[in-house]
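> Here you go, this is model-v5.pdb (PDB, C-alpha atoms, pLDDT in the B column).
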```pdb
ATOM      1  CA  MET A   1     -12.156   2.111 -36.854  1.00 45.00           C
ATOM      2  CA  HIS A   2      -9.331   3.804 -38.671  1.00 45.00           C
ATOM      3  CA  LEU A   3      -6.526   1.711 -40.136  1.00 44.00           C
ATOM      4  CA  TYR A   4      -3.780   3.646 -38.424  1.00 46.00           C
ATOM      5  CA  ASN A   5      -0.513   4.312 -40.210  1.00 45.00           C
ATOM      6  CA  ILE A   6      -1.283   2.125 -43.267  1.00 43.00           C
ATOM      7  CA  LYS A   7      -0.460   4.183 -46.314  1.00 41.00           C
ATOM      8  CA  ARG A   8      -2.565   3.571 -49.422  1.00 41.00           C
ATOM      9  CA  CYS A   9      -2.443   4.955 -52.942  1.00 47.00           C
ATOM     10  CA  ILE A  10      -5.766   4.744 -54.815  1.00 48.00           C
ATOM     11  CA  SER A  11      -7.049   5.929 -58.157  1.00 47.00           C
ATOM     12  CA  VAL A  12     -10.512   7.381 -58.637  1.00 46.00           C
ATOM     13  CA  LEU A  13     -12.336   8.788 -61.618  1.00 47.00           C
ATOM     14  CA  HIS A  14     -13.110  12.415 -60.880  1.00 45.00           C
ATOM     15  CA  ASN A  15     -14.826  14.530 -63.555  1.00 46.00           C
ATOM     16  CA  GLY A  16     -13.542  12.194 -66.247  1.00 48.00           C
ATOM     17  CA  THR A  17      -9.951  12.269 -64.994  1.00 47.00           C
ATOM     18  CA  ILE A  18      -8.098   9.518 -63.135  1.00 46.00           C
ATOM     19  CA  VAL A  19      -6.703  10.998 -59.947  1.00 44.00           C
ATOM     20  CA  ASN A  20      -4.118   9.316 -57.712  1.00 48.00           C
ATOM     21  CA  ILE A  21      -4.700   9.945 -54.043  1.00 47.00           C
ATOM     22  CA  SER A  22      -2.148   9.122 -51.358  1.00 44.00           C
ATOM     23  CA  LEU A  23      -3.471   9.315 -47.841  1.00 40.00           C
ATOM     24  CA  TYR A  24      -3.220   8.068 -44.324  1.00 39.00           C
ATOM     25  CA  PHE A  25      -6.395   6.396 -43.113  1.00 45.00           C
ATOM     26  CA  SER A  26      -5.716   7.649 -39.604  1.00 44.00           C
ATOM     27  CA  SER A  27      -6.387  11.223 -40.660  1.00 42.00           C
ATOM     28  CA  PHE A  28      -8.840  10.647 -43.513  1.00 47.00           C
ATOM     29  CA  GLY A  29     -11.058   7.991 -41.991  1.00 51.00           C
ATOM     30  CA  LYS A  30     -13.004   5.043 -43.362  1.00 52.00           C
ATOM     31  CA  ASN A  31     -16.297   6.913 -43.629  1.00 53.00           C
ATOM     32  CA  ASN A  32     -14.758   9.754 -45.608  1.00 54.00           C
ATOM     33  CA  LEU A  33     -13.078   7.290 -47.969  1.00 53.00           C
ATOM     34  CA  VAL A  34     -16.365   5.477 -48.665  1.00 53.00           C
ATOM     35  CA  ALA A  35     -18.072   8.800 -49.269  1.00 53.00           C
ATOM     36  CA  LEU A  36     -15.297   9.802 -51.690  1.00 52.00           C
ATOM     37  CA  LEU A  37     -15.542   6.604 -53.718  1.00 57.00           C
ATOM     38  CA  THR A  38     -19.321   6.204 -53.743  1.00 55.00           C
ATOM     39  CA  GLY A  39     -20.606   9.712 -53.318  1.00 55.00           C
ATOM     40  CA  LYS A  40     -22.698   8.452 -50.397  1.00 54.00           C
ATOM     41  CA  SER A  41     -22.322   9.510 -46.803  1.00 51.00           C
ATOM     42  CA  THR A  42     -21.912   6.750 -44.214  1.00 51.00           C
ATOM     43  CA  LYS A  43     -22.102   9.052 -41.210  1.00 53.00           C
ATOM     44  CA  SER A  44     -24.158   7.681 -38.344  1.00 51.00           C
ATOM     45  CA  LYS A  45     -25.647   9.489 -35.390  1.00 49.00           C
ATOM     46  CA  TYR A  46     -22.458   8.876 -33.411  1.00 47.00           C
ATOM     47  CA  MET A  47     -18.782   9.148 -34.319  1.00 49.00           C
ATOM     48  CA  GLU A  48     -16.455   6.127 -34.316  1.00 87.00           C
ATOM     49  CA  LEU A  49     -15.269   7.269 -30.887  1.00 90.00           C
ATOM     50  CA  GLN A  50     -18.219   5.402 -29.381  1.00 91.00           C
ATOM     51  CA  LYS A  51     -16.876   2.119 -30.758  1.00 92.00           C
ATOM     52  CA  ALA A  52     -13.479   2.734 -29.185  1.00 93.00           C
ATOM     53  CA  ILE A  53     -15.086   3.571 -25.841  1.00 94.00           C
ATOM     54  CA  GLU A  54     -17.204   0.417 -25.828  1.00 94.00           C
ATOM     55  CA  LYS A  55     -14.327  -1.806 -26.972  1.00 94.00           C
ATOM     56  CA  ARG A  56     -11.744  -0.501 -24.485  1.00 96.00           C
ATOM     57  CA  VAL A  57     -10.611  -2.988 -21.870  1.00 96.00           C
ATOM     58  CA  SER A  58      -7.623  -3.186 -19.538  1.00 97.00           C
ATOM     59  CA  ILE A  59      -4.936  -5.298 -21.227  1.00 97.00           C
ATOM     60  CA  ARG A  60      -2.235  -6.797 -19.016  1.00 97.00           C
ATOM     61  CA  SER A  61      -0.740  -9.449 -21.321  1.00 97.00           C
ATOM     62  CA  PHE A  62       0.976  -8.495 -24.548  1.00 98.00           C
ATOM     63  CA  LYS A  63       2.515 -10.099 -27.603  1.00 97.00           C
ATOM     64  CA  ASP A  64       6.259  -9.829 -28.071  1.00 96.00           C
ATOM     65  CA  ALA A  65       5.933  -7.060 -30.644  1.00 97.00           C
ATOM     66  CA  GLU A  66       7.456  -3.615 -30.485  1.00 97.00           C
ATOM     67  CA  VAL A  67       5.363  -0.460 -30.514  1.00 98.00           C
ATOM     68  CA  PRO A  68       6.939   1.869 -33.108  1.00 97.00           C
ATOM     69  CA  VAL A  69       8.179   5.208 -31.809  1.00 98.00           C
ATOM     70  CA  GLU A  70       5.850   7.047 -34.184  1.00 98.00           C
ATOM     71  CA  ASP A  71       2.887   5.221 -32.644  1.00 97.00           C
ATOM     72  CA  LEU A  72       4.064   6.148 -29.144  1.00 98.00           C
ATOM     73  CA  LYS A  73       4.328   9.763 -30.253  1.00 98.00           C
ATOM     74  CA  GLN A  74       0.795   9.587 -31.636  1.00 97.00           C
ATOM     75  CA  LEU A  75      -0.528   8.223 -28.334  1.00 98.00           C
ATOM     76  CA  VAL A  76       1.179  11.031 -26.427  1.00 98.00           C
ATOM     77  CA  ARG A  77      -0.089  13.586 -28.927  1.00 98.00           C
ATOM     78  CA  MET A  78      -3.631  12.392 -28.217  1.00 97.00           C
ATOM     79  CA  GLY A  79      -2.949  12.569 -24.481  1.00 98.00           C
ATOM     80  CA  GLY A  80      -1.754  16.141 -24.902  1.00 98.00           C
ATOM     81  CA  HIS A  81      -5.073  17.057 -26.518  1.00 98.00           C
ATOM     82  CA  ALA A  82      -6.934  16.323 -23.277  1.00 97.00           C
ATOM     83  CA  PRO A  83      -8.609  19.122 -21.337  1.00 95.00           C
ATOM     84  CA  SER A  84      -6.711  20.421 -18.327  1.00 94.00           C
ATOM     85  CA  VAL A  85      -7.418  22.920 -15.582  1.00 90.00           C
ATOM     86  CA  ASN A  86      -7.369  26.394 -17.149  1.00 88.00           C
ATOM     87  CA  ASN A  87      -5.667  24.784 -20.192  1.00 90.00           C
ATOM     88  CA  TYR A  88      -2.508  24.711 -18.084  1.00 91.00           C
ATOM     89  CA  GLN A  89      -1.336  21.461 -19.759  1.00 93.00           C
ATOM     90  CA  PRO A  90       0.854  20.556 -16.764  1.00 92.00           C
ATOM     91  CA  TRP A  91       2.075  17.260 -18.194  1.00 96.00           C
ATOM     92  CA  LYS A  92       5.158  15.647 -19.608  1.00 97.00           C
ATOM     93  CA  PHE A  93       5.170  12.092 -20.981  1.00 98.00           C
ATOM     94  CA  TYR A  94       8.016   9.562 -20.969  1.00 98.00           C
ATOM     95  CA  ALA A  95       7.849   6.528 -23.289  1.00 98.00           C
ATOM     96  CA  ILE A  96       9.920   3.637 -21.925  1.00 98.00           C
ATOM     97  CA  THR A  97      10.862   0.705 -24.174  1.00 98.00           C
ATOM     98  CA  ASN A  98      14.093  -0.333 -22.448  1.00 98.00           C
ATOM     99  CA  HIS A  99      13.218  -3.740 -20.976  1.00 97.00           C
ATOM    100  CA  ASP A 100      16.162  -3.821 -18.585  1.00 98.00           C
ATOM    101  CA  LEU A 101      14.963  -0.551 -17.130  1.00 98.00           C
ATOM    102  CA  LEU A 102      11.358  -1.777 -16.955  1.00 98.00           C
ATOM    103  CA  SER A 103      12.521  -4.864 -15.042  1.00 98.00           C
ATOM    104  CA  LYS A 104      14.497  -2.735 -12.587  1.00 98.00           C
ATOM    105  CA  MET A 105      11.459  -0.491 -12.122  1.00 98.00           C
ATOM    106  CA  ALA A 106       9.274  -3.528 -11.421  1.00 98.00           C
ATOM    107  CA  ASP A 107      11.820  -4.852  -8.900  1.00 98.00           C
ATOM    108  CA  THR A 108      11.762  -1.485  -7.146  1.00 98.00           C
ATOM    109  CA  VAL A 109       7.978  -1.651  -6.860  1.00 98.00           C
ATOM    110  CA  LYS A 110       8.163  -5.236  -5.525  1.00 97.00           C
ATOM    111  CA  GLU A 111      10.636  -4.140  -2.834  1.00 96.00           C
ATOM    112  CA  LYS A 112       8.294  -1.355  -1.779  1.00 96.00           C
ATOM    113  CA  ILE A 113       5.367  -3.758  -1.530  1.00 95.00           C
ATOM    114  CA  GLU A 114       7.462  -6.125   0.619  1.00 93.00           C
ATOM    115  CA  GLU A 115       8.114  -3.273   3.037  1.00 93.00           C
ATOM    116  CA  ILE A 116       4.393  -2.832   3.704  1.00 90.00           C
ATOM    117  CA  PRO A 117       3.598  -4.490   7.045  1.00 90.00           C
ATOM    118  CA  GLU A 118       1.115  -7.357   6.898  1.00 88.00           C
ATOM    119  CA  ASN A 119      -1.817  -7.709   9.244  1.00 89.00           C
ATOM    120  CA  GLU A 120      -2.649 -10.944  11.038  1.00 84.00           C
ATOM    121  CA  SER A 121      -5.267 -12.171   8.570  1.00 86.00           C
ATOM    122  CA  ILE A 122      -4.846 -15.500   6.781  1.00 84.00           C
ATOM    123  CA  ALA A 123      -5.239 -13.755   3.429  1.00 83.00           C
ATOM    124  CA  SER A 124      -2.478 -11.182   3.974  1.00 82.00           C
ATOM    125  CA  LYS A 125       0.212 -12.987   1.959  1.00 81.00           C
ATOM    126  CA  ASN A 126      -2.167 -13.770  -0.903  1.00 89.00           C
ATOM    127  CA  VAL A 127      -3.276 -10.152  -0.959  1.00 91.00           C
ATOM    128  CA  LYS A 128       0.294  -8.889  -1.283  1.00 90.00           C
ATOM    129  CA  THR A 129       1.016 -11.428  -4.042  1.00 91.00           C
ATOM    130  CA  GLN A 130      -2.022 -10.258  -5.952  1.00 93.00           C
ATOM    131  CA  VAL A 131      -1.105  -6.612  -5.483  1.00 94.00           C
ATOM    132  CA  GLU A 132       2.428  -7.336  -6.650  1.00 95.00           C
ATOM    133  CA  PHE A 133       1.179  -8.754  -9.957  1.00 95.00           C
ATOM    134  CA  PHE A 134      -1.142  -5.842 -10.677  1.00 96.00           C
ATOM    135  CA  SER A 135       1.638  -3.410  -9.750  1.00 97.00           C
ATOM    136  CA  THR A 136       4.439  -4.928 -11.819  1.00 97.00           C
ATOM    137  CA  PHE A 137       3.026  -6.617 -14.943  1.00 97.00           C
ATOM    138  CA  PHE A 138       4.157  -3.533 -16.858  1.00 98.00           C
ATOM    139  CA  GLU A 139       7.685  -5.025 -16.977  1.00 97.00           C
ATOM    140  CA  ASP A 140       6.516  -7.391 -19.745  1.00 97.00           C
ATOM    141  CA  ALA A 141       4.812  -4.680 -21.812  1.00 98.00           C
ATOM    142  CA  PRO A 142       6.482  -3.588 -25.063  1.00 98.00           C
ATOM    143  CA  ALA A 143       6.192   0.016 -23.905  1.00 98.00           C
ATOM    144  CA  VAL A 144       5.166   2.032 -20.885  1.00 98.00           C
ATOM    145  CA  ILE A 145       4.106   5.661 -21.009  1.00 98.00           C
ATOM    146  CA  ALA A 146       4.824   7.476 -17.751  1.00 98.00           C
ATOM    147  CA  LEU A 147       2.826  10.617 -17.055  1.00 98.00           C
ATOM    148  CA  SER A 148       4.392  13.351 -14.956  1.00 97.00           C
ATOM    149  CA  MET A 149       2.733  16.585 -13.901  1.00 95.00           C
ATOM    150  CA  GLU A 150       3.695  19.900 -12.422  1.00 93.00           C
ATOM    151  CA  ASP A 151       1.504  21.577  -9.811  1.00 86.00           C
ATOM    152  CA  TYR A 152      -1.052  24.014 -11.141  1.00 83.00           C
ATOM    153  CA  GLU A 153      -0.885  27.415  -9.483  1.00 80.00           C
ATOM    154  CA  SER A 154      -4.414  28.798  -9.477  1.00 80.00           C
ATOM    155  CA  VAL A 155      -5.298  32.470  -9.441  1.00 81.00           C
ATOM    156  CA  LEU A 156      -6.779  31.873  -5.997  1.00 84.00           C
ATOM    157  CA  GLU A 157      -3.322  31.186  -4.555  1.00 82.00           C
ATOM    158  CA  LYS A 158      -2.226  34.716  -5.378  1.00 83.00           C
ATOM    159  CA  GLY A 159      -4.966  36.343  -3.328  1.00 88.00           C
ATOM    160  CA  VAL A 160      -5.737  34.163  -0.315  1.00 91.00           C
ATOM    161  CA  LYS A 161      -3.894  32.838   2.712  1.00 90.00           C
ATOM    162  CA  MET A 162      -4.107  29.162   1.788  1.00 90.00           C
ATOM    163  CA  SER A 163      -1.477  26.653   0.743  1.00 88.00           C
ATOM    164  CA  HIS A 164      -1.458  25.008  -2.664  1.00 85.00           C
ATOM    165  CA  GLN A 165      -2.430  21.692  -1.071  1.00 87.00           C
ATOM    166  CA  ASP A 166      -5.358  23.233   0.826  1.00 91.00           C
ATOM    167  CA  ILE A 167      -6.647  24.904  -2.347  1.00 89.00           C
ATOM    168  CA  ASN A 168      -6.180  21.665  -4.256  1.00 88.00           C
ATOM    169  CA  ILE A 169      -8.333  19.857  -1.698  1.00 91.00           C
ATOM    170  CA  LEU A 170     -10.906  22.651  -1.780  1.00 91.00           C
ATOM    171  CA  ARG A 171     -11.169  22.364  -5.573  1.00 90.00           C
ATOM    172  CA  ASN A 172     -11.259  18.560  -5.441  1.00 93.00           C
ATOM    173  CA  TYR A 173      -7.833  17.978  -6.996  1.00 89.00           C
ATOM    174  CA  PRO A 174      -7.989  19.583 -10.455  1.00 90.00           C
ATOM    175  CA  ASP A 175      -4.413  18.388 -11.099  1.00 88.00           C
ATOM    176  CA  ILE A 176      -5.441  14.747 -10.725  1.00 91.00           C
ATOM    177  CA  GLN A 177      -8.586  15.325 -12.773  1.00 94.00           C
ATOM    178  CA  SER A 178      -6.424  16.700 -15.587  1.00 95.00           C
ATOM    179  CA  ALA A 179      -4.162  13.647 -15.424  1.00 95.00           C
ATOM    180  CA  GLY A 180      -7.175  11.347 -15.685  1.00 96.00           C
ATOM    181  CA  ALA A 181      -8.369  13.143 -18.813  1.00 97.00           C
ATOM    182  CA  ALA A 182      -4.966  12.737 -20.501  1.00 98.00           C
ATOM    183  CA  ILE A 183      -4.755   9.054 -19.626  1.00 98.00           C
ATOM    184  CA  GLU A 184      -8.249   8.352 -20.938  1.00 98.00           C
ATOM    185  CA  ASN A 185      -7.296   9.944 -24.253  1.00 98.00           C
ATOM    186  CA  ILE A 186      -4.275   7.643 -24.471  1.00 98.00           C
ATOM    187  CA  LEU A 187      -6.327   4.556 -23.638  1.00 98.00           C
ATOM    188  CA  LEU A 188      -8.938   5.324 -26.304  1.00 97.00           C
ATOM    189  CA  ALA A 189      -6.302   6.236 -28.890  1.00 96.00           C
ATOM    190  CA  ALA A 190      -4.612   2.880 -28.215  1.00 97.00           C
ATOM    191  CA  VAL A 191      -7.847   1.044 -29.019  1.00 96.00           C
ATOM    192  CA  ASP A 192      -8.322   3.083 -32.188  1.00 95.00           C
ATOM    193  CA  MET A 193      -4.771   2.212 -33.299  1.00 95.00           C
ATOM    194  CA  GLY A 194      -5.183  -1.521 -32.687  1.00 95.00           C
ATOM    195  CA  TYR A 195      -3.291  -1.706 -29.389  1.00 97.00           C
ATOM    196  CA  GLY A 196      -4.235  -2.698 -25.881  1.00 97.00           C
ATOM    197  CA  ALA A 197      -3.387  -0.622 -22.834  1.00 98.00           C
ATOM    198  CA  CYS A 198      -3.793  -0.489 -19.085  1.00 98.00           C
ATOM    199  CA  TRP A 199      -3.705   2.403 -16.656  1.00 98.00           C
ATOM    200  CA  LEU A 200      -1.568   1.747 -13.551  1.00 98.00           C
ATOM    201  CA  SER A 201      -1.519   3.731 -10.343  1.00 97.00           C
ATOM    202  CA  ALA A 202      -0.242   0.997  -7.994  1.00 97.00           C
ATOM    203  CA  PRO A 203       3.431   1.427  -8.990  1.00 97.00           C
ATOM    204  CA  MET A 204       3.240   4.922  -7.511  1.00 97.00           C
ATOM    205  CA  MET A 205       3.868   3.262  -4.142  1.00 96.00           C
ATOM    206  CA  ALA A 206       7.521   3.514  -5.213  1.00 97.00           C
ATOM    207  CA  LYS A 207       7.042   6.950  -6.741  1.00 97.00           C
ATOM    208  CA  GLU A 208      10.176   8.665  -5.435  1.00 97.00           C
ATOM    209  CA  ALA A 209      12.500   5.830  -6.473  1.00 98.00           C
ATOM    210  CA  LEU A 210      10.854   5.590  -9.905  1.00 98.00           C
ATOM    211  CA  GLU A 211      11.245   9.334 -10.419  1.00 98.00           C
ATOM    212  CA  LYS A 212      14.989   9.014  -9.860  1.00 98.00           C
ATOM    213  CA  MET A 213      15.217   6.105 -12.283  1.00 98.00           C
ATOM    214  CA  LEU A 214      13.373   8.068 -14.977  1.00 98.00           C
ATOM    215  CA  GLY A 215      15.139  11.361 -14.344  1.00 97.00           C
ATOM    216  CA  ILE A 216      11.944  13.150 -13.333  1.00 97.00           C
ATOM    217  CA  SER A 217      12.601  16.172 -11.147  1.00 93.00           C
ATOM    218  CA  GLU A 218      10.906  19.332  -9.923  1.00 92.00           C
ATOM    219  CA  PRO A 219       8.659  20.908 -10.940  1.00 92.00           C
ATOM    220  CA  HIS A 220       7.317  17.620 -12.338  1.00 95.00           C
ATOM    221  CA  HIS A 221       6.298  14.584 -10.323  1.00 96.00           C
ATOM    222  CA  LEU A 222       5.217  11.118 -11.424  1.00 98.00           C
ATOM    223  CA  MET A 223       1.468  10.481 -11.609  1.00 97.00           C
ATOM    224  CA  ALA A 224       0.751   7.185 -13.391  1.00 98.00           C
ATOM    225  CA  PHE A 225       1.816   4.602 -15.972  1.00 98.00           C
ATOM    226  CA  VAL A 226       0.078   3.320 -19.083  1.00 98.00           C
ATOM    227  CA  ALA A 227       1.287  -0.060 -20.361  1.00 98.00           C
ATOM    228  CA  VAL A 228       0.862  -0.406 -24.135  1.00 98.00           C
ATOM    229  CA  GLY A 229       1.228  -3.193 -26.680  1.00 98.00           C
ATOM    230  CA  VAL A 230      -0.516  -5.641 -28.976  1.00 97.00           C
ATOM    231  CA  PRO A 231      -2.907  -7.743 -26.836  1.00 97.00           C
ATOM    232  CA  LEU A 232      -1.818 -11.351 -26.340  1.00 97.00           C
ATOM    233  CA  LYS A 233      -5.419 -12.481 -26.743  1.00 95.00           C
ATOM    234  CA  ASP A 234      -8.850 -11.039 -27.326  1.00 93.00           C
ATOM    235  CA  VAL A 235     -10.366  -9.772 -24.081  1.00 93.00           C
ATOM    236  CA  LYS A 236     -14.064  -9.035 -23.897  1.00 93.00           C
ATOM    237  CA  PRO A 237     -15.177  -5.862 -22.077  1.00 93.00           C
ATOM    238  CA  ARG A 238     -16.455  -6.505 -18.585  1.00 93.00           C
ATOM    239  CA  GLU A 239     -20.095  -5.925 -17.871  1.00 94.00           C
ATOM    240  CA  LYS A 240     -20.912  -2.329 -16.979  1.00 95.00           C
ATOM    241  CA  LYS A 241     -23.654  -1.043 -14.739  1.00 96.00           C
ATOM    242  CA  PRO A 242     -26.945  -0.404 -16.552  1.00 97.00           C
ATOM    243  CA  LEU A 243     -27.720   3.177 -17.509  1.00 97.00           C
ATOM    244  CA  ASP A 244     -30.706   3.336 -15.164  1.00 96.00           C
ATOM    245  CA  GLU A 245     -28.367   2.660 -12.244  1.00 97.00           C
ATOM    246  CA  ILE A 246     -25.866   5.419 -13.043  1.00 97.00           C
ATOM    247  CA  PHE A 247     -28.054   8.124 -14.605  1.00 97.00           C
ATOM    248  CA  GLU A 248     -30.308  10.586 -12.844  1.00 97.00           C
ATOM    249  CA  LEU A 249     -31.924  13.600 -14.439  1.00 97.00           C
ATOM    250  CA  ILE A 250     -32.406  16.650 -12.262  1.00 97.00           C
ATOM    251  CA  ASP A 251     -34.807  18.984 -14.062  1.00 96.00           C
TER     252      ASP A 251
END
```
Could I get this file's structure written as structure tokens?

Amino acid sequence: MHLYNIKRCISVLHNGTIVNISLYFSSFGKNNLVALLTGKSTKSKYMELQKAIEKRVSIRSFKDAEVPVEDLKQLVRMGGHAPSVNNYQPWKFYAITNHDLLSKMADTVKEKIEEIPENESIASKNVKTQVEFFSTFFEDAPAVIALSMEDYESVLEKGVKMSHQDINILRNYPDIQSAGAAIENILLAAVDMGYGACWLSAPMMAKEALEKMLGISEPHHLMAFVAVGVPLKDVKPREKKPLDEIFELID
């Protein structure tokens, strides 16, 4: 894994001359550095991305440590590199580090959850309490990245008598698929940079109120949050389904 944002100055003997090299590991990479110093390649069959994918977990508890603005920009830059429908790139990202604002946002979500009518089951109150935690833990995160999107106008809309929503349903929501790709990039970049992160959709129950608080207006609309910070403790990845259960070859 790259040592993100740690600047090093090293000296190497190159063709009989000592050369000083200043670099950022995040762009150069551990494998390239080893190859430079030893002349031997350390490349494996897979890139280091696989390690980040396998290590990624949802982190909901964070240390009281700020996430530097430059790191937040790097996370968003990685999110912006995600594929999107027709390369439309319909997103805008908001990084929130103001804890008073995060607390007010969490309170707004709690109020919305309280408004949801309960059924007559014994578990109803416990269910709402559980939902409230998973919807509002972001208030204790050092930073939250909010993803907003604008609607993608497809070529099809210009030539058929169908609404944007009907076409979106017909195409199985390419806007939402694009948002998912951007969020996954952010989550994996967070792991690579030594952070923990968690994707939240539950706060969107208070979407309209949150949009006003964040100053998000048309043509953009709020899609999801990603809470980011240094993990409070080491969390092991949860067991995943075996490959044989999720893979089928159609030849």
> Which polymer residues have any atom within 12 Å of an atom of Glu70 of chain A, counting only C-alpha atoms, with same-chain residues fewer than 3 positions away left out, as a list in words?
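That gives Tyr4, Asn5, Glu66, Val67, Lys73, Gln74, Leu75, Val76, Arg77, Ala95 and Met193 of chain A.
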> Which polymer residues have any atom within 12 Å of an atom of Glu111 of chain A, counting only C-alpha atoms, with same-chain residues fewer than 3 positions away left out, as a ChimeraX atom specification?
/A:104-108,114-116,128,132,135-136,203,205-206,209
> How would the residues just picked look written out with C-alpha atoms as a CSV table (one decimal), keeping the file's coordinate frame?

```
chain,number,residue,atom,x,y,z
A,104,LYS,CA,14.5,-2.7,-12.6
A,105,MET,CA,11.5,-0.5,-12.1
A,106,ALA,CA,9.3,-3.5,-11.4
A,107,ASP,CA,11.8,-4.9,-8.9
A,108,THR,CA,11.8,-1.5,-7.1
A,114,GLU,CA,7.5,-6.1,0.6
A,115,GLU,CA,8.1,-3.3,3.0
A,116,ILE,CA,4.4,-2.8,3.7
A,128,LYS,CA,0.3,-8.9,-1.3
A,132,GLU,CA,2.4,-7.3,-6.6
A,135,SER,CA,1.6,-3.4,-9.8
A,136,THR,CA,4.4,-4.9,-11.8
A,203,PRO,CA,3.4,1.4,-9.0
A,205,MET,CA,3.9,3.3,-4.1
A,206,ALA,CA,7.5,3.5,-5.2
A,209,ALA,CA,12.5,5.8,-6.5
```
> What is the distance, in Å and to one decimal place, between atom CA of Asp175 of chain A and atom CA of Gln89 of chain A?
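Computed distance, atom CA of Asp175 of chain A to atom CA of Gln89 of chain A, equals 9.7 Å.
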> Would you kindly return, as a PDB file with C-alpha atoms, in the coordinates of the input, each protein, DNA or RNA residue with an atom no farther than 10 Å from any atom of Ile53 of chain A, considering all atoms listed in the file and excluding same-chain residues fewer than 6 positions away?

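As a result, result_9.pdb now contains:
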```pdb
ATOM      1  CA  GLU A 184      -8.249   8.352 -20.938  1.00 98.00           C
ATOM      2  CA  LEU A 187      -6.327   4.556 -23.638  1.00 98.00           C
ATOM      3  CA  LEU A 188      -8.938   5.324 -26.304  1.00 97.00           C
ATOM      4  CA  ALA A 189      -6.302   6.236 -28.890  1.00 96.00           C
ATOM      5  CA  VAL A 191      -7.847   1.044 -29.019  1.00 96.00           C
ATOM      6  CA  ASP A 192      -8.322   3.083 -32.188  1.00 95.00           C
TER       7      ASP A 192
END
```
> Just the number, please: distance in Å from atom CA of Ser154 of chain A to atom CA of Ser84 of chain A, one decimal.
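About the pair atom CA of Ser154 of chain A and atom CA of Ser84 of chain A: they are 12.4 Å apart.
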> Which polymer residues have any atom within 9 Å of an atom of segment 214-230 of chain A, counting only C-alpha atoms, with same-chain residues fewer than 5 positions away left out, as an mmCIF file with C-alpha atoms, keeping the file's coordinate frame?

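Listed below is the output, out_28.cif:
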```
data_model
loop_
_atom_site.group_PDB
_atom_site.id
_atom_site.type_symbol
_atom_site.label_atom_id
_atom_site.label_comp_id
_atom_site.auth_asym_id
_atom_site.auth_seq_id
_atom_site.Cartn_x
_atom_site.Cartn_y
_atom_site.Cartn_z
ATOM 1 C CA ILE A 59 -4.936 -5.298 -21.227
ATOM 2 C CA ARG A 60 -2.235 -6.797 -19.016
ATOM 3 C CA SER A 61 -0.740 -9.449 -21.321
ATOM 4 C CA PHE A 62 0.976 -8.495 -24.548
ATOM 5 C CA LYS A 63 2.515 -10.099 -27.603
ATOM 6 C CA ASP A 64 6.259 -9.829 -28.071
ATOM 7 C CA ALA A 65 5.933 -7.060 -30.644
ATOM 8 C CA GLU A 66 7.456 -3.615 -30.485
ATOM 9 C CA VAL A 67 5.363 -0.460 -30.514
ATOM 10 C CA LEU A 72 4.064 6.148 -29.144
ATOM 11 C CA PRO A 90 0.854 20.556 -16.764
ATOM 12 C CA TRP A 91 2.075 17.260 -18.194
ATOM 13 C CA LYS A 92 5.158 15.647 -19.608
ATOM 14 C CA TYR A 94 8.016 9.562 -20.969
ATOM 15 C CA ILE A 96 9.920 3.637 -21.925
ATOM 16 C CA PHE A 137 3.026 -6.617 -14.943
ATOM 17 C CA PHE A 138 4.157 -3.533 -16.858
ATOM 18 C CA GLU A 139 7.685 -5.025 -16.977
ATOM 19 C CA ALA A 141 4.812 -4.680 -21.812
ATOM 20 C CA PRO A 142 6.482 -3.588 -25.063
ATOM 21 C CA ALA A 143 6.192 0.016 -23.905
ATOM 22 C CA VAL A 144 5.166 2.032 -20.885
ATOM 23 C CA ILE A 145 4.106 5.661 -21.009
ATOM 24 C CA ALA A 146 4.824 7.476 -17.751
ATOM 25 C CA LEU A 147 2.826 10.617 -17.055
ATOM 26 C CA SER A 148 4.392 13.351 -14.956
ATOM 27 C CA MET A 149 2.733 16.585 -13.901
ATOM 28 C CA GLU A 150 3.695 19.900 -12.422
ATOM 29 C CA ASP A 151 1.504 21.577 -9.811
ATOM 30 C CA ILE A 176 -5.441 14.747 -10.725
ATOM 31 C CA ALA A 179 -4.162 13.647 -15.424
ATOM 32 C CA ILE A 183 -4.755 9.054 -19.626
ATOM 33 C CA ILE A 186 -4.275 7.643 -24.471
ATOM 34 C CA LEU A 187 -6.327 4.556 -23.638
ATOM 35 C CA ALA A 190 -4.612 2.880 -28.215
ATOM 36 C CA GLY A 194 -5.183 -1.521 -32.687
ATOM 37 C CA TYR A 195 -3.291 -1.706 -29.389
ATOM 38 C CA GLY A 196 -4.235 -2.698 -25.881
ATOM 39 C CA ALA A 197 -3.387 -0.622 -22.834
ATOM 40 C CA CYS A 198 -3.793 -0.489 -19.085
ATOM 41 C CA TRP A 199 -3.705 2.403 -16.656
ATOM 42 C CA LEU A 200 -1.568 1.747 -13.551
ATOM 43 C CA SER A 201 -1.519 3.731 -10.343
ATOM 44 C CA ALA A 202 -0.242 0.997 -7.994
ATOM 45 C CA PRO A 203 3.431 1.427 -8.990
ATOM 46 C CA MET A 204 3.240 4.922 -7.511
ATOM 47 C CA LYS A 207 7.042 6.950 -6.741
ATOM 48 C CA GLU A 208 10.176 8.665 -5.435
ATOM 49 C CA ALA A 209 12.500 5.830 -6.473
#
```
> Quick one: 8 Å padding each side, axis-aligned, all listed atoms of segment 182-200 of chain A - centre and edge lengths in Å to one decimal, as AutoDock Vina command-line options?

```
--center_x -5.3 --center_y 5.0 --center_z -23.4 --size_x 23.4 --size_y 31.4 --size_z 35.7
```
> Could you check how far atom CA of Val109 of chain A sits from atom CA of Val127 of chain A, in Å to one decimal?
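Atom CA of Val127 of chain A lies 15.3 Å from atom CA of Val109 of chain A.
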> Between A:Val69, A:Leu49, A:Val57, A:Ala182, which residue has the minimum interatomic distance to Val85 of chain A, considering all atoms listed in the file?
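Smallest distance to Val85 of chain A is found for A:Ala182.
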